[in-house]
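J.: This structure is in structure tokens; I'll ask about it shortly.
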Amino acid sequence: MKERIKRETRNILNEGWDGVLGLMNRWGQIGPYLFRDPEELEDIEIEPRYNLAKTIQLMLNKRPDLRIAAVVRGCDVRALRELEEMGKIKTQGLRLIGITCSHEQAEICNCEKPIYDTLNCTGCWKCIEACKEQAIERVNVCPILLPSEYDVGLAKRKAIYIPYAQAVPLKAIRDSEHCLKLAGVMDCKGCETACMANAILHEDHEQIDEIEVGSVILSPGFEPFDPSKFDNYNYANHPNVITSMEFERILSASGPTEGHLVRMSDHKEPKKIAWFQCIGSRDLNRSGNAFCSSVCCMYAIKEAVIAKEHAGSDLDCAIFFMDMRTHGKDFERFYESARDQHGVRFIRSRVHTIDPSAEDDLTVHYITENGSFESENFDLIVLSVGLQTPPQVIELANKLGVELTDGNFCKTDSFEPVATSRKGIYVCGAFQSPKDIPQSVVDASAAASAAGKILSDVRNTLTKTPEVIPETDIVGQRPKIGVFVCKCGINIAGVVDVPAVTEYAASLPYVEYVTNNLYTCSQDTQDTMSKVIKEKELNRVVVAACTPKTHEALFQETLINAGLNKYLFEMCNIRNQDSWVHKNNPELATEKAKDLVRMSITKVALMEPLEEAELDVNQTAMVLGGGISGMASARSLSRQGYETHIIEKSSSLGGQALNLYHTFDGGDVQKKLSKLVDDIETDKKIHVHLNTTVTEVEGFVGNFKSTLSNNGSQEVLEHGIAVLATGGKPLKPDEYSYGKDSRILTSLELDKKFIENDSLIDSLNTAVFIQCVGSREPDRPYCSRVCCTHSIKNALELKKRNPDMSIFILYRDIRTYGEREYLYQKARKAGIVFIRFSLNNKPEVNLQGDQLRVKVRDHILHRPLEISADLVTLASAIVPNKDEKLANFFKLPTNDDGFFIEKHAKLGPSEFATDGVFLCGLAHYPKPIDESIAQGLAAASRAVTLLSRKNILMSGTVAMTNPSYCSSCGVCISVCPYSAPSFIPEDDRFFPGRAQINPVLCKGCGLCVASCRSGAIHLKGFDNDQIFAQIFSLNEAV
Amino acid sequence: MLAYIDKIREISRRLLQEGTVDMVMGFRKGTVPMMNEPCFVKTPEDVDTFVWDSNCGINLANYLTNRQEKIGIIAKGCDSRNIVTHIIENKIKRDQLVIIGVPCKGMIDRRKIQALFETEIENVIEADGNITIKGRGLEKTLNKKDVLQDNCALCIHRNPVIYDELAGDLVEEQKDVDRYEDIRKIESLSPEEKWRYFDDLLSSCIRCYACRNACPLCYCPTCFVDESRPQWVGKSIDSIDTRTFHFLRAYHCAGRCTDCGSCERACPMGIKVRLFTKKLEKDCLELFDWEAGMTLEKRPPLDTYRPDDPDDFIK
Amino acid sequence: MSHWEPKIVSFLCHWCSYGAADLAGVSRMEYPPNIRVIRIPCTGRMSPKFILAAFRQGADGVWVSG
């Protein structure tokens, strides 16, 4: 067809028409283009992505004299006719080249484009994928098919769409730019009939709301760098050169290939994949982005490992990199296992060009570490693109008057890592600096904390309390069950025979009332349901509809409004897990629905009203550790209005920061630290306990009692939450002749000399820094994160004081992530020499007489080098202050390196699985001052989510023991991750020594229930007899 | 053996005389041969009732459950491991116990011996690793090695793992024992063969719960088989109920069973019930590097929760 | 019924696998209707007794996921 169009177009142009409007592929983008030169026709596209009617209208209205032709489809033609009827266009100067859409395309385009009333939209998707019967009537109503943003263009979406399957809220949105109706191109009415929830608004327009706020948090995020402009990588031209974002989608089960690893160009499984690091990062020359994007090394390794998991270990994965930057928690281990266990190849080389070779493969030439020149073919090359601030965010920042850094990130100070240059405006995430998920989550909490601090006076002033409806006592009543079967428009009813299911439910024991609804979740059905419950005196309710994960809370609310305990409810999933997945098997889907309804009814009959334990929260906070993150946390807590106690085992506040000279951004640590300490000491709400340790902890979230020990005297502190900021310390090196000569220092010892303006500093001629001392070693397989920046910063300081000094930094990978990279660039410009060594060929430091000699093998010359030095600085590892007793008090886990294990590595970095206990600073992982402070604020923020409520209702779905069955074996106490079970004290009158469960701490997971051999533990809401009822009522289903 | 007896009696007498313990748990001669019975001696005068020979297979840890007294207890390797489990599981406190360790060379299987003879065995004499059987018109000497309990033949922890006193020198542990040959054989069966195998294995079970009662691990106030709400398992000897009982009993012992053999010894129908527990014991060893009752410091693997537990099986 | 179809009972964790089963629906994936799901709060809740009970009811397979 393409050939025919080209021929036709050529003829028309030859006939002297002004041009032919069609679609053209330019720089990887497809868009409308007026072809005037037959030569250009090579690039014509017929992919139906754009409706041209509007473009034609614009062109003809602007230049009525134009004589043009257009490549159009049926729908374009209809749209043009519509426009002509409306008198909006004159078509005498227009010639049409018609193309027919394939049947397949017609199927795909079966799209309706309603405007949404998000209040009424149930997220049923019907408007997007009308059922088959309706589809036949409306084939090709909408021609719009656009590259899906979520799948970075690898898949298509309609002009009305739900951005992705897990979108919250799960509601359709409309693309006002491309929707025919909204764009004013044609009056499309199909959608109005497709939506059965009447969610479609006939008219809608942009509204501008004004909200008065006391604070603004900026989290606009980043955009991936666009590598199209690098012609040497052929990204724009070659389909098998893709970006890492595209590769993410190919790996994803919800992506265009459902996670099947293939090349999009030919759907062949690749055998060899290469990743190129630092595309648009650490690259001042071509991209202008001098910073390191921080996350790409790790995501490339992850992608390579997952690719191997998907495709099998035969897949060859090679990562071309400059420095491997796996400085995050547990990242180094992942890197090692990718290399050693998964066989991912790591090649230290920056490749210049990607050459397309035969059969769509790609050839690269590179120089290896030992200098040899290699050529290799790959099936697929992934460009690890960097993170950058999008232009519209820069514009926003300018509008807001927020200062940016050289790299266009939001300017902040190490001591106020989430505060922008404008008061009251805070920042978090990749706009602050390129960062990964855990760091973004820390930032987010920190920004919330900072905003909470200035808004603490008005906390809860906008709260509204709902009316409390008295609960009907149903104890002793025979079950009277109401069953509500949902049609969900035709989502369920189109497959499952809803009347048959309704009739069947009516025949089951204890069922008092049955009905079905078009949309059970709609507000009017809720009102009816509430009325029916009261009228029929129902005491149990089953809703057979979608999924409890999204709708249980809604229906439970209705029960509450009807005066029923909300746990007398069971939801039966006949949509997501039935009609939607068995649409070609309506009979069996109906049988399944009946089975599921029967199982739910037998279960609900056994449900009991449950009480929700009320937790009173003591409004006092305890912060363990008076280092920088502990103090940041305490200051934030106190300024948000909470009494805070800092427990510090040493005799002063400050922790490791007392030893630091400057932050990476040039801040004077001692000056700022003393300001912070001063803030703490003058704060009336903060109580500092120096020389104090915690010797005992009793209680649980909201109600802790800790015994503080100070020089033998004891004091009990009652507090609602605890923040653990127990810190870390530098490793004392046992190599490189440390301790044998006063000229061999650790980084912190050198800082001390800077702070004290030691005269030694000025007498130096040659200084050597040795990196990774104790880090990234078999004994300590983690990166200490701060040392590269620290050494470079100190090297520059030396250079500043004495520009003639020779400085060598001996390193394994330079890990100056984010904008710390500028320091590395500055250092190289300043003539500091960087020499790389490997773990199996470490430098040697020898004392010869009073000469300090450092031997290292130069990685470029491949020759041994001996440096005679006046100063050797060892960048020693950061190790945690291990305190097993403390960990046991709160039942907190630590990893193999002794750092605490947070609740969730990505989503819960500043809290523990144990409720009411929070985490920040070096106890979590090595980190610089800005990140320590951010995490201190984050821990405070997480703590305030508890403290801000004086009492909290806990879930009723909790475990409970029957002590007469308990054998006191202690399994429940041992297995519970939340410390909920305990033994009844020996001096209790009833059942001493038997187990009991604190409903406030119980999360209802049921681990203890299943572990209890004696059958002494019951899980309310999922009790044995309730689950057995479901199993036993499987009946003929199995 | 005689030396053991003297030493046991001597220690017991001392402990009772000094008042260190309120009673000593040991064995006395049974009314029929090869059937020594547990006996609790409370006065120094009675310590001579104690005996020790190769018929002391009953696991005395079973009698410690929820005792309040101070107790001296005779412990073989397996008994001592069950004492450890008992302490971990709060069934007894360590400071209530004086453990009199008895290095063990294996207990004999009376069924194996009886099966060799038609006539009733009246007397069994043990000497120098040999067992002499006497009955009406019968006298035969067997090598003890050939008539050991199955679990004893495969035992690799004959010496007590925890003790306060020792009734004899520690013995050499058996080396290069292939403990799981039988389990591997069953594992390699096809599903149909396995089904037949277990059908056959349990066909004679009469649900008398002797195995449960003899097991020191089975101390729940109410056993699941006796519960009615929910009814975990039917009470009949329908093969499904029987299987359910045995499977669940085995699960309850997972990571805790020391393979003391009490269950098998107690079974009146001679069912090899250890096969179930041994499979789980093998799994625990392979998956968690765990042997039950070897240390007071750690709870069994299925009793513990660690967020960093390996989860390589999830892909 | 010309050929035998297995009947499967599955116990799915509320937080992960049950959500994944929902997502399979949202994504309109198709799978055979031979499966009956029982939602549990966590696979930690899973007791071997449930598995035996399901088999006893006649299930050909029991799938625990979480």
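A note on labels: chains of the structure tokens are A, B, ... as shown, every chain counts residues from 1, and ligands are counted from 1 in their shown order.
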Within region 433-670 of chain A, find each residue whose DSSP state, derived from the backbone, is alpha helix (DSSP H), and express the selection as an MDAnalysis selection string.
T.: chainID A and resid 437:455 498:506 523:535 548:561 586:605 628:639 669:670
J.: Considering only C-alpha atoms, return as a list in words whatever protein or nucleic-acid residues lie within 8 Å of Val62 (chain C), sequence-local ones (same chain, fewer than 4 positions apart) excluded.
T.: Ile8, Val9, Ser10, Phe11, Ile51, Ala54 and Phe55 of chain C
J.: Keeping only C-alpha atoms, write the selected residues to a file as a JSON list (two decimals), in the first residue's frame.
T.:
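Result went into result-v3.json, see below:
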[["chain", "number", "residue", "atom", "x", "y", "z"],
["C", 8, "ILE", "CA", -7.59, -26.65, 41.46],
["C", 9, "VAL", "CA", -8.04, -24.89, 44.76],
["C", 10, "SER", "CA", -5.78, -21.96, 45.34],
["C", 11, "PHE", "CA", -4.94, -20.06, 48.47],
["C", 51, "ILE", "CA", -4.14, -28.36, 51.89],
["C", 54, "ALA", "CA", -8.83, -29.36, 49.99],
["C", 55, "PHE", "CA", -7.44, -32.61, 48.65]]
J.: When you count only C-alpha atoms, which of these residues is closest to chain B: C:Ala59, C:Leu52, C:Met46, C:Ile38?
T.: C:Leu52
J.: Kindly assemble as a Markdown table a list of the chain A residues that lie within 7 Å of chain B, each paired with its nearest atom pair and their distance in Å to one decimal, using only C-alpha atoms, sorted first by chain and then by ascending residue number.
T.:
| residue | atom | partner | partner_atom | distance |
| --- | --- | --- | --- | --- |
| A:Tyr965 | CA | B:Pro221 | CA | 5.7 |
| A:Cys966 | CA | B:Pro221 | CA | 6.9 |
| A:Ser967 | CA | B:Cys220 | CA | 5.3 |
| A:Ser968 | CA | B:Asn90 | CA | 6.3 |
| A:Cys969 | CA | B:Glu89 | CA | 4.2 |
| A:Gly970 | CA | B:Glu89 | CA | 6.0 |
| A:Val971 | CA | B:Asp303 | CA | 5.3 |
| A:Ser974 | CA | B:Thr304 | CA | 5.6 |
| A:Val975 | CA | B:Thr304 | CA | 4.7 |
| A:Cys976 | CA | B:Tyr305 | CA | 6.7 |
| A:Pro977 | CA | B:Tyr305 | CA | 6.4 |
| A:Arg1013 | CA | B:His252 | CA | 6.1 |
| A:Ser1014 | CA | B:Cys220 | CA | 5.3 |
| A:Gly1015 | CA | B:Phe224 | CA | 6.8 |
| A:Asn1024 | CA | B:Pro230 | CA | 6.6 |
| A:Asp1025 | CA | B:Pro230 | CA | 5.4 |
J.: Please give the complete set of residues from region 9-44 of chain C that DSSP, run on the backbone, assigns to strand (DSSP E or B), formatted as a PyMOL selection string.
T.: chain C and resi 9-13+35-40
J.: Between C:Gly44, C:Gly61, C:Gly66, C:Pro6, which residue has the minimum interatomic distance to chain A, considering only C-alpha atoms?
T.: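 The answer is C:Gly44, which sits nearest to chain A.
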J.: Identify which of the residues A:Val344, A:Asn573, A:Ala167, A:Glu552 lies closest to Arg36 (chain C), counting only C-alpha atoms when measuring atom-to-atom distances.
T.: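 Smallest separation from Arg36 (chain C) among the options: A:Asn573.
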J.: Give me, please, the distance in Å between CA of His342 (chain A) and CA of Val305 (chain A), quoted to one decimal.
T.: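 Computed distance, CA of His342 (chain A) to CA of Val305 (chain A), equals 6.7 Å.
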J.: Using only C-alpha atoms, which residues sit within 10 Å of Glu10 (chain B) once same-chain residues fewer than 3 positions away are excluded, as a list in words?
T.: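 My reading of the contact set: Tyr4, Ile5, Asp6, Lys7, Arg13, Arg14, Leu15, Pro44, Val47, Asp48 and Ala167 of chain B.
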J.: Might you pull out every residue within 12 Å of Glu40 (chain A), with only C-alpha atoms counted and same-chain residues fewer than 6 positions away left off, and present them as a list in words?
T.: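 Surrounding residues, per the criterion: Lys6, Thr9, Arg10, Leu13, Gly19, Val20, Gly22, Leu23, Met24, Asn25, Arg26, Tyr33 and Leu34 of chain A.
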J.: Can you write out the residues you just picked, keeping N, CA, C and O atoms, as a PDB file, in the first residue's frame?
T.:
ATOM      1  N   LYS A   6       2.849   6.258  -2.509  1.00  0.00           N
ATOM      2  CA  LYS A   6       3.992   7.019  -3.015  1.00  0.00           C
ATOM      3  C   LYS A   6       3.794   7.364  -4.483  1.00  0.00           C
ATOM      4  O   LYS A   6       4.042   8.499  -4.908  1.00  0.00           O
ATOM      5  N   THR A   9       1.112   9.954  -4.820  1.00  0.00           N
ATOM      6  CA  THR A   9       1.581  11.246  -4.337  1.00  0.00           C
ATOM      7  C   THR A   9       2.513  11.904  -5.360  1.00  0.00           C
ATOM      8  O   THR A   9       2.414  13.098  -5.633  1.00  0.00           O
ATOM      9  N   ARG A  10       3.395  11.068  -5.866  1.00  0.00           N
ATOM     10  CA  ARG A  10       4.340  11.577  -6.862  1.00  0.00           C
ATOM     11  C   ARG A  10       3.580  12.188  -8.046  1.00  0.00           C
ATOM     12  O   ARG A  10       3.882  13.298  -8.481  1.00  0.00           O
ATOM     13  N   LEU A  13       2.005  15.533  -7.151  1.00  0.00           N
ATOM     14  CA  LEU A  13       3.001  16.598  -7.091  1.00  0.00           C
ATOM     15  C   LEU A  13       3.432  17.008  -8.507  1.00  0.00           C
ATOM     16  O   LEU A  13       3.577  18.189  -8.806  1.00  0.00           O
ATOM     17  N   GLY A  19       1.104  20.455  -2.490  1.00  0.00           N
ATOM     18  CA  GLY A  19       1.729  19.479  -1.586  1.00  0.00           C
ATOM     19  C   GLY A  19       0.753  18.387  -1.202  1.00  0.00           C
ATOM     20  O   GLY A  19      -0.441  18.466  -1.519  1.00  0.00           O
ATOM     21  N   VAL A  20       1.310  17.411  -0.567  1.00  0.00           N
ATOM     22  CA  VAL A  20       0.473  16.293  -0.108  1.00  0.00           C
ATOM     23  C   VAL A  20       0.656  16.156   1.395  1.00  0.00           C
ATOM     24  O   VAL A  20       1.787  15.990   1.883  1.00  0.00           O
ATOM     25  N   GLY A  22       0.595  14.215   4.691  1.00  0.00           N
ATOM     26  CA  GLY A  22       0.618  12.817   5.142  1.00  0.00           C
ATOM     27  C   GLY A  22       1.377  12.743   6.455  1.00  0.00           C
ATOM     28  O   GLY A  22       1.617  13.774   7.097  1.00  0.00           O
ATOM     29  N   LEU A  23       1.762  11.549   6.803  1.00  0.00           N
ATOM     30  CA  LEU A  23       2.519  11.395   8.048  1.00  0.00           C
ATOM     31  C   LEU A  23       3.969  11.107   7.698  1.00  0.00           C
ATOM     32  O   LEU A  23       4.250  10.354   6.768  1.00  0.00           O
ATOM     33  N   MET A  24       4.842  11.705   8.436  1.00  0.00           N
ATOM     34  CA  MET A  24       6.254  11.501   8.150  1.00  0.00           C
ATOM     35  C   MET A  24       6.998  11.113   9.420  1.00  0.00           C
ATOM     36  O   MET A  24       6.662  11.583  10.512  1.00  0.00           O
ATOM     37  N   ASN A  25       7.959  10.243   9.197  1.00  0.00           N
ATOM     38  CA  ASN A  25       8.792   9.827  10.314  1.00  0.00           C
ATOM     39  C   ASN A  25      10.046  10.690  10.323  1.00  0.00           C
ATOM     40  O   ASN A  25      10.910  10.560   9.471  1.00  0.00           O
ATOM     41  N   ARG A  26      10.099  11.591  11.278  1.00  0.00           N
ATOM     42  CA  ARG A  26      11.277  12.446  11.388  1.00  0.00           C
ATOM     43  C   ARG A  26      11.907  12.253  12.749  1.00  0.00           C
ATOM     44  O   ARG A  26      11.216  12.421  13.761  1.00  0.00           O
ATOM     45  N   TYR A  33       2.937  16.042   7.940  1.00  0.00           N
ATOM     46  CA  TYR A  33       3.968  16.725   7.162  1.00  0.00           C
ATOM     47  C   TYR A  33       3.426  16.989   5.776  1.00  0.00           C
ATOM     48  O   TYR A  33       2.754  16.142   5.193  1.00  0.00           O
ATOM     49  N   LEU A  34       3.709  18.157   5.289  1.00  0.00           N
ATOM     50  CA  LEU A  34       3.272  18.479   3.938  1.00  0.00           C
ATOM     51  C   LEU A  34       4.421  18.164   2.975  1.00  0.00           C
ATOM     52  O   LEU A  34       5.434  18.843   2.953  1.00  0.00           O
TER      53      LEU A  34
END
J.: Show me, as a count of residues only, every residue of chain A with an atom at most 6 Å from chain C, counting only C-alpha atoms.
T.: 11
J.: Which residues come within 8 Å of region 670-679 of chain A, counting only C-alpha atoms, excluding same-chain residues fewer than 2 positions away, as a list in words?
T.: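 Counting only the stated atoms, we get Phe415, Ile628, Met631, Ala632, Arg635, Leu653, Gly654, Ala657, Leu658, Leu660, Tyr661, Gly667, Asp668, Glu681, Thr682 and Asp683 of chain A.
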J.: Can you spit out the residues from that selection as a short mmCIF file (atom, residue, chain, number, x, y, z; two decimals), in the first residue's frame, using all heavy atoms?
T.:
data_model
loop_
_atom_site.label_atom_id
_atom_site.label_comp_id
_atom_site.auth_asym_id
_atom_site.auth_seq_id
_atom_site.Cartn_x
_atom_site.Cartn_y
_atom_site.Cartn_z
N PHE A 415 22.76 21.04 54.89
CA PHE A 415 22.13 21.02 56.20
C PHE A 415 20.61 21.22 56.14
O PHE A 415 19.91 21.08 57.13
CB PHE A 415 22.79 22.04 57.15
CG PHE A 415 24.00 21.48 57.81
CD1 PHE A 415 25.18 21.30 57.10
CD2 PHE A 415 23.95 21.07 59.14
CE1 PHE A 415 26.30 20.74 57.70
CE2 PHE A 415 25.08 20.53 59.75
CZ PHE A 415 26.26 20.36 59.03
N ILE A 628 24.18 13.71 63.92
CA ILE A 628 23.53 14.72 63.10
C ILE A 628 22.13 14.31 62.68
O ILE A 628 21.20 15.11 62.67
CB ILE A 628 24.45 15.08 61.91
CG1 ILE A 628 24.16 16.50 61.48
CG2 ILE A 628 24.32 14.13 60.77
CD1 ILE A 628 25.35 17.20 60.90
N MET A 631 19.80 14.44 65.77
CA MET A 631 19.45 15.81 66.13
C MET A 631 18.46 16.41 65.13
O MET A 631 17.51 17.09 65.52
CB MET A 631 20.71 16.69 66.19
CG MET A 631 21.56 16.42 67.42
SD MET A 631 22.83 17.68 67.66
CE MET A 631 23.93 17.33 66.32
N ALA A 632 18.69 16.11 63.83
CA ALA A 632 17.77 16.62 62.81
C ALA A 632 16.36 16.09 63.08
O ALA A 632 15.37 16.81 62.98
CB ALA A 632 18.24 16.20 61.42
N ARG A 635 14.91 17.77 66.28
CA ARG A 635 14.52 19.16 66.06
C ARG A 635 13.20 19.22 65.29
O ARG A 635 12.30 19.99 65.62
CB ARG A 635 15.61 19.90 65.30
CG ARG A 635 15.33 21.39 65.19
CD ARG A 635 16.48 22.16 64.59
NE ARG A 635 16.79 21.66 63.25
CZ ARG A 635 17.71 22.23 62.46
NH1 ARG A 635 18.42 23.26 62.88
NH2 ARG A 635 17.96 21.74 61.26
N LEU A 653 26.88 16.14 72.07
CA LEU A 653 26.10 15.97 70.86
C LEU A 653 27.01 16.15 69.66
O LEU A 653 28.04 16.80 69.74
CB LEU A 653 24.97 17.01 70.81
CG LEU A 653 23.86 16.86 71.86
CD1 LEU A 653 22.95 18.08 71.81
CD2 LEU A 653 23.06 15.59 71.62
N GLY A 654 26.61 15.59 68.54
CA GLY A 654 27.37 15.84 67.31
C GLY A 654 27.79 14.61 66.55
O GLY A 654 27.84 14.61 65.33
N ALA A 657 29.88 13.88 62.95
CA ALA A 657 30.01 15.18 62.27
C ALA A 657 31.05 16.06 62.95
O ALA A 657 31.61 16.96 62.33
CB ALA A 657 28.66 15.88 62.22
N LEU A 658 31.32 15.79 64.23
CA LEU A 658 32.33 16.57 64.95
C LEU A 658 33.70 16.46 64.28
O LEU A 658 34.57 17.30 64.48
CB LEU A 658 32.43 16.09 66.40
CG LEU A 658 31.23 16.41 67.30
CD1 LEU A 658 31.32 15.65 68.60
CD2 LEU A 658 31.20 17.92 67.56
N LEU A 660 34.15 16.21 60.94
CA LEU A 660 34.12 16.53 59.52
C LEU A 660 34.44 18.00 59.27
O LEU A 660 34.02 18.87 60.02
CB LEU A 660 32.76 16.19 58.93
CG LEU A 660 32.47 14.69 58.82
CD1 LEU A 660 31.02 14.45 58.45
CD2 LEU A 660 33.38 14.04 57.78
N TYR A 661 35.13 18.24 58.17
CA TYR A 661 35.57 19.59 57.85
C TYR A 661 34.53 20.31 56.99
O TYR A 661 33.87 21.23 57.46
CB TYR A 661 36.92 19.50 57.13
CG TYR A 661 37.51 20.82 56.72
CD1 TYR A 661 37.64 21.86 57.64
CD2 TYR A 661 37.95 21.02 55.42
CE1 TYR A 661 38.18 23.08 57.25
CE2 TYR A 661 38.51 22.23 55.03
CZ TYR A 661 38.62 23.26 55.94
OH TYR A 661 39.15 24.45 55.55
N GLY A 667 29.99 23.54 52.47
CA GLY A 667 29.53 24.07 53.75
C GLY A 667 30.51 23.76 54.87
O GLY A 667 31.13 22.69 54.90
N ASP A 668 30.66 24.70 55.80
CA ASP A 668 31.54 24.50 56.96
C ASP A 668 30.79 23.67 58.00
O ASP A 668 29.86 24.16 58.65
CB ASP A 668 31.94 25.86 57.53
CG ASP A 668 32.90 25.73 58.70
OD1 ASP A 668 32.89 24.68 59.37
OD2 ASP A 668 33.67 26.69 58.93
N GLU A 681 19.93 22.54 72.09
CA GLU A 681 20.12 22.84 73.51
C GLU A 681 19.18 23.94 74.01
O GLU A 681 18.84 23.98 75.19
CB GLU A 681 21.58 23.19 73.78
CG GLU A 681 22.43 21.92 73.79
CD GLU A 681 23.92 22.19 73.85
OE1 GLU A 681 24.31 23.36 73.61
OE2 GLU A 681 24.68 21.26 74.13
N THR A 682 18.79 24.82 73.10
CA THR A 682 17.91 25.91 73.55
C THR A 682 16.44 25.58 73.34
O THR A 682 15.57 26.35 73.71
CB THR A 682 18.23 27.21 72.78
OG1 THR A 682 18.19 26.92 71.39
CG2 THR A 682 19.60 27.74 73.16
N ASP A 683 16.18 24.42 72.74
CA ASP A 683 14.79 24.04 72.47
C ASP A 683 14.17 23.51 73.76
O ASP A 683 14.66 22.55 74.35
CB ASP A 683 14.78 22.97 71.37
CG ASP A 683 13.39 22.74 70.83
OD1 ASP A 683 12.44 22.72 71.64
OD2 ASP A 683 13.25 22.57 69.60
#
J.: So that I can see what lies close to region 155-157 of chain A, please list as a PDB file with C-alpha atoms, in the first residue's frame the residues with an atom at most 6 Å from it, counting only C-alpha atoms and leaving out residues fewer than 4 positions away in the same chain.
T.:
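That gives us out_10.pdb:
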ATOM      1  CA  LEU A 145      -4.212   5.400  18.145  1.00  0.00           C
ATOM      2  CA  LEU A 146      -1.300   6.979  19.907  1.00  0.00           C
ATOM      3  CA  PRO A 147       1.976   5.785  21.289  1.00  0.00           C
ATOM      4  CA  SER A 148       1.413   4.847  24.910  1.00  0.00           C
ATOM      5  CA  ASP A 151       5.068   1.872  27.371  1.00  0.00           C
ATOM      6  CA  PRO A 256       4.078  -4.753  25.180  1.00  0.00           C
TER       7      PRO A 256
END
J.: In Å, rounded to a single decimal, give me how far CA of Leu1019 (chain A) is from CA of Pro985 (chain A).
T.: 22.6 Å
J.: Excluding region 154-160 of chain B and its own-chain neighbours fewer than 6 positions away, which residues fall within 12 Å of it when counting only C-alpha atoms? Please give them as an NGL selection string.
T.: :B and (73-84 or 99-107 or 145 or 148 or 166-182 or 258-261 or 278 or 291-295)
J.: Taking only C-alpha atoms into account, which of A:Gly489, A:Val623, A:Arg949, A:Lys534 comes nearest Arg459 (chain A)?
T.: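 Closest residue, counting only C-alpha atoms: A:Arg949.
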J.: Quick one: of B:Ala250, B:Ile271, B:Leu97, B:Ile71, who's nearest to chain C, counting only C-alpha atoms?
T.: B:Ala250
